[in-house]
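One structure is given here, and the rest of the page talks about it.
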Amino acid sequence: SDDVIRVSFKDNTDLGYAYAFLNTEIGLLILQSNNYGAVIDHIEPEHLANVPIPNAPKELKEAIHNLIVESYDLRDKSNDLIDEAQKLLYEELQLPDISTIKGMNYAENKGFQNYVVKASQLNGRLDGSYHIPEVKEIIRLIHNGADSVVPLNDGRLTKLITVGNRFKRIYVDKENGVPYLNGKSICQLDPNGCQKKYLSLALHEDRILEQLTIRKNSILITCSGTLGKVVLVPAHWDGWAGTHDLIRVYPLSDDIVGYIYCYLQSDIGKLLINRMAYGSVVDHIEPCHISQLPIPILRNVEVQCKINDLVIEANELRYQAYLKEQEAINKMNEIIND
């Protein structure tokens with residue numbers, strides 16, 4: 001994108017060191033002090049070039065740089081494990097690439113998509129996007145490749161699928177609140193970093209406890225605006241509060257959560273989630289829609305367990321990556337505060 005500034009360094013050790021500095025509260029404040037724009041904020045390369053950075057001893061720079069590199073290596077390994085799990089899932093279900101799946105048109109060679117839906121198959125939905133033939137073909141392939149197909153709210157898979165109610169949010173300082181996770185930053189390792197918002201415990205404690213608290217190894221799905229982002233909650237988010245725009249899926253146990261996540265996060269899972277969208281201006285999905293998503297149970301139990309274990313291991317690696325990055329940022333803060 002032309003909205004991304006690229007920075008190259010003469011010494012590789014300065015890369016992780018500068019990254020850690022810009023992720024501290026002071027570093028980010030200095031960087032943002034140069035922004036301009038009445039509607040959309042901007043910064044230019046010359047602004048970034050003039051940001052002052054403390055010059056620590058080389059040994060300390062190397063230590064901080066190495067921690068950042070280790071953090072990103074762990075993220076890469078985590079992504080590789082997810083890719084391996086997805087490959088196993090597709091192979092076991094004998095699914096082709098989603099781009100090759102085509103539905104049948106009512107009248108071929110017309111130059112546009114067309115299809116017929118029986119009244120008995122409407123399922124209460126009159127929007128055409130819900131009934132596209134590709135989805136029907138995908139569901140057919142899933143049924144052919146699986147031992148059985150059950151809805152996500154089946155008791156063998158999940159305990160609860162829920163979402164918080166809308167409310168007026170009151171933010172406070174770090175000491176008097178809990179980190180608040182929104183849908184926009186859900187895919188970040190450390191959402192919003194040092195710019196986290198904290199939801200007031202004094203004013204929202206009951207709501208946080210009853211509706212909003214996020215738990216490790218639950219699954220979050222964005223359900224308003226940008227739909228279908230799927231995240232498996234890592235250990236460092238446990239106890240945070242989440243926006244009402246996140247559907248919470250609580251699996252029956254850790255023995256199935258990784259498999260469910262792998263399926264929902266796949267291209268086919270995302271298509272089936274987004275198929276449920278409704279709304280004329282802002283798209284929405286509800287827990288009742290997610291509850292009815294068709295989930296395949298694999299014929300080979302060992303492969304299903306392998307997929308689950310790969311995802312759980314990947315999630316643990318993301319947590320270790322977070323710890324490495326935080327260690328580097330803490331070292332940077334010590335330099336700044338000395």
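Chain labels follow the order of the structure tokens: the first chain is A, the next B, and so on; residue numbering restarts at 1 in every chain, and ligands are counted from 1 in their shown order.
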Could you tell me, as a ChimeraX atom specification, which residues of region 133-320 of chain A DSSP assigns to strand (DSSP E) when given the backbone? /A:148-151,158-163,171-172,177-181,197-200,219-222,230-232,241-242,246-251,294-297
May I have the residues within 7 Å of Ile219 (chain A) as a PyMOL selection string, using only C-alpha atoms and disregarding those fewer than 6 positions away in the same chain? chain A and resi 230-233+248-250+261
Distance of CA of His42 (chain A) from CA of Ala56 (chain A), expressed in Å to one decimal place: 29.3 Å
Within 9 Å of Glu325 (chain A), counting only C-alpha atoms, which residues show up once you throw out same-chain ones fewer than 4 positions away? Write them as a list in words, please. Ala20, Ile64, Leu67, Ile68, Val69, Glu70, Ser71, Tyr72, Gln320, Ala321, Ile329 and Asn330 of chain A
Any idea what's packed within 7 Å of region 281-291 of chain A, counting only C-alpha atoms, ignoring anything in its chain fewer than 4 positions away? Could you give it as a PyMOL selection string? chain A and resi 151-153+161-163+223-225+247+273+276-277
Which one of A:Val51, A:Leu317, A:Val135, A:Leu95 sits closest to Ala18 (chain A) if you count only C-alpha atoms? A:Val51
Write out as an MDAnalysis selection string each polymer residue whose atoms come within 6 Å of region 167-179 of chain A, counting only C-alpha atoms; drop sequence neighbours fewer than 3 positions from it. chainID A and resid 197:201 240
Long-range neighbours of Val7 (chain A) as a VMD selection string, 10 Å cut-off, only C-alpha atoms, 4 positions minimum in chain: chain A and resid 15 45 48 to 49
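Across the model, the gap from CA of Ile142 (chain A) to CA of Lys102 (chain A) is 14.4 Å.
Every protein, DNA or RNA residue with an atom at most 12 Å from Asp190 (chain A), where only C-alpha atoms count and chain neighbours fewer than 3 positions away do not, is listed here: Asn23, Ser71, Pro179, Tyr180, Leu181, Asn182, Ser185, Ile186, Cys187, Gly193, Cys194, Gln195, Lys196, Val233, Pro234, Ala235, His236, Trp237, Trp240, Arg318, Tyr319, Gln320, Ala321, Tyr322, Leu323, Lys324, Glu325 and Gln326 of chain A.
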Run DSSP on the backbone and give me the residues of region 146-239 of chain A it puts in helix (DSSP H, G or I), as an NGL selection string. :A and (174-176 or 193-195 or 201-212 or 235-237)
Requested write-out: N, CA, C and O atoms of the selected residues, as a PDB file, in the first residue's frame:
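Dumped to result05.pdb:
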ATOM      1  N   LYS A 174      -5.499   2.523  33.340  1.00  0.00           N
ATOM      2  CA  LYS A 174      -5.149   1.105  33.423  1.00  0.00           C
ATOM      3  C   LYS A 174      -5.419   0.503  34.787  1.00  0.00           C
ATOM      4  O   LYS A 174      -5.875  -0.643  34.908  1.00  0.00           O
ATOM      5  N   GLU A 175      -5.185   1.277  35.843  1.00  0.00           N
ATOM      6  CA  GLU A 175      -5.299   0.746  37.202  1.00  0.00           C
ATOM      7  C   GLU A 175      -6.749   0.489  37.616  1.00  0.00           C
ATOM      8  O   GLU A 175      -7.006  -0.244  38.570  1.00  0.00           O
ATOM      9  N   ASN A 176      -7.703   1.082  36.926  1.00  0.00           N
ATOM     10  CA  ASN A 176      -9.100   0.984  37.347  1.00  0.00           C
ATOM     11  C   ASN A 176     -10.000   0.278  36.334  1.00  0.00           C
ATOM     12  O   ASN A 176     -11.221   0.358  36.427  1.00  0.00           O
ATOM     13  N   GLY A 193      -1.676  -2.486  21.468  1.00  0.00           N
ATOM     14  CA  GLY A 193      -0.429  -2.287  22.198  1.00  0.00           C
ATOM     15  C   GLY A 193      -0.567  -1.367  23.396  1.00  0.00           C
ATOM     16  O   GLY A 193      -1.437  -1.548  24.252  1.00  0.00           O
ATOM     17  N   CYS A 194       0.297  -0.347  23.452  1.00  0.00           N
ATOM     18  CA  CYS A 194       0.274   0.576  24.593  1.00  0.00           C
ATOM     19  C   CYS A 194      -0.884   1.560  24.495  1.00  0.00           C
ATOM     20  O   CYS A 194      -1.052   2.390  25.396  1.00  0.00           O
ATOM     21  N   GLN A 195      -1.672   1.489  23.420  1.00  0.00           N
ATOM     22  CA  GLN A 195      -2.831   2.368  23.278  1.00  0.00           C
ATOM     23  C   GLN A 195      -4.138   1.666  23.664  1.00  0.00           C
ATOM     24  O   GLN A 195      -5.212   2.105  23.275  1.00  0.00           O
ATOM     25  N   LEU A 201     -14.162  -0.872  35.661  1.00  0.00           N
ATOM     26  CA  LEU A 201     -14.659  -1.959  36.515  1.00  0.00           C
ATOM     27  C   LEU A 201     -15.752  -1.464  37.447  1.00  0.00           C
ATOM     28  O   LEU A 201     -16.739  -2.158  37.706  1.00  0.00           O
ATOM     29  N   ALA A 202     -15.613  -0.253  37.931  1.00  0.00           N
ATOM     30  CA  ALA A 202     -16.593   0.288  38.882  1.00  0.00           C
ATOM     31  C   ALA A 202     -17.977   0.406  38.260  1.00  0.00           C
ATOM     32  O   ALA A 202     -18.985   0.135  38.918  1.00  0.00           O
ATOM     33  N   LEU A 203     -18.032   0.789  36.978  1.00  0.00           N
ATOM     34  CA  LEU A 203     -19.321   1.027  36.321  1.00  0.00           C
ATOM     35  C   LEU A 203     -19.818  -0.165  35.520  1.00  0.00           C
ATOM     36  O   LEU A 203     -21.014  -0.266  35.244  1.00  0.00           O
ATOM     37  N   HIS A 204     -18.929  -1.065  35.141  1.00  0.00           N
ATOM     38  CA  HIS A 204     -19.334  -2.159  34.245  1.00  0.00           C
ATOM     39  C   HIS A 204     -19.025  -3.541  34.806  1.00  0.00           C
ATOM     40  O   HIS A 204     -19.072  -4.525  34.067  1.00  0.00           O
ATOM     41  N   GLU A 205     -18.728  -3.645  36.086  1.00  0.00           N
ATOM     42  CA  GLU A 205     -18.249  -4.918  36.630  1.00  0.00           C
ATOM     43  C   GLU A 205     -19.218  -6.060  36.368  1.00  0.00           C
ATOM     44  O   GLU A 205     -18.817  -7.144  35.921  1.00  0.00           O
ATOM     45  N   ASP A 206     -20.504  -5.877  36.651  1.00  0.00           N
ATOM     46  CA  ASP A 206     -21.484  -6.956  36.463  1.00  0.00           C
ATOM     47  C   ASP A 206     -21.567  -7.370  34.996  1.00  0.00           C
ATOM     48  O   ASP A 206     -21.607  -8.568  34.674  1.00  0.00           O
ATOM     49  N   ARG A 207     -21.610  -6.378  34.107  1.00  0.00           N
ATOM     50  CA  ARG A 207     -21.697  -6.682  32.679  1.00  0.00           C
ATOM     51  C   ARG A 207     -20.440  -7.415  32.194  1.00  0.00           C
ATOM     52  O   ARG A 207     -20.519  -8.335  31.381  1.00  0.00           O
ATOM     53  N   ILE A 208     -19.278  -6.964  32.688  1.00  0.00           N
ATOM     54  CA  ILE A 208     -18.028  -7.616  32.304  1.00  0.00           C
ATOM     55  C   ILE A 208     -18.039  -9.080  32.731  1.00  0.00           C
ATOM     56  O   ILE A 208     -17.691  -9.972  31.949  1.00  0.00           O
ATOM     57  N   LEU A 209     -18.446  -9.335  33.965  1.00  0.00           N
ATOM     58  CA  LEU A 209     -18.445 -10.698  34.485  1.00  0.00           C
ATOM     59  C   LEU A 209     -19.456 -11.577  33.778  1.00  0.00           C
ATOM     60  O   LEU A 209     -19.204 -12.753  33.495  1.00  0.00           O
ATOM     61  N   GLU A 210     -20.634 -11.036  33.469  1.00  0.00           N
ATOM     62  CA  GLU A 210     -21.726 -11.846  32.922  1.00  0.00           C
ATOM     63  C   GLU A 210     -21.687 -11.985  31.407  1.00  0.00           C
ATOM     64  O   GLU A 210     -22.138 -13.009  30.872  1.00  0.00           O
ATOM     65  N   GLN A 211     -21.150 -10.973  30.688  1.00  0.00           N
ATOM     66  CA  GLN A 211     -21.287 -10.969  29.235  1.00  0.00           C
ATOM     67  C   GLN A 211     -19.988 -10.785  28.463  1.00  0.00           C
ATOM     68  O   GLN A 211     -19.830 -11.357  27.385  1.00  0.00           O
ATOM     69  N   LEU A 212     -19.070  -9.991  28.988  1.00  0.00           N
ATOM     70  CA  LEU A 212     -17.991  -9.482  28.150  1.00  0.00           C
ATOM     71  C   LEU A 212     -16.646 -10.163  28.331  1.00  0.00           C
ATOM     72  O   LEU A 212     -15.781 -10.049  27.471  1.00  0.00           O
ATOM     73  N   ALA A 235      -3.532 -17.030  25.618  1.00  0.00           N
ATOM     74  CA  ALA A 235      -3.502 -16.949  27.082  1.00  0.00           C
ATOM     75  C   ALA A 235      -3.467 -15.513  27.591  1.00  0.00           C
ATOM     76  O   ALA A 235      -4.069 -15.205  28.625  1.00  0.00           O
ATOM     77  N   HIS A 236      -2.780 -14.602  26.870  1.00  0.00           N
ATOM     78  CA  HIS A 236      -2.617 -13.250  27.404  1.00  0.00           C
ATOM     79  C   HIS A 236      -3.875 -12.393  27.248  1.00  0.00           C
ATOM     80  O   HIS A 236      -3.927 -11.288  27.762  1.00  0.00           O
ATOM     81  N   TRP A 237      -4.902 -12.883  26.547  1.00  0.00           N
ATOM     82  CA  TRP A 237      -6.178 -12.165  26.487  1.00  0.00           C
ATOM     83  C   TRP A 237      -7.151 -12.638  27.557  1.00  0.00           C
ATOM     84  O   TRP A 237      -8.216 -12.049  27.725  1.00  0.00           O
TER      85      TRP A 237
END
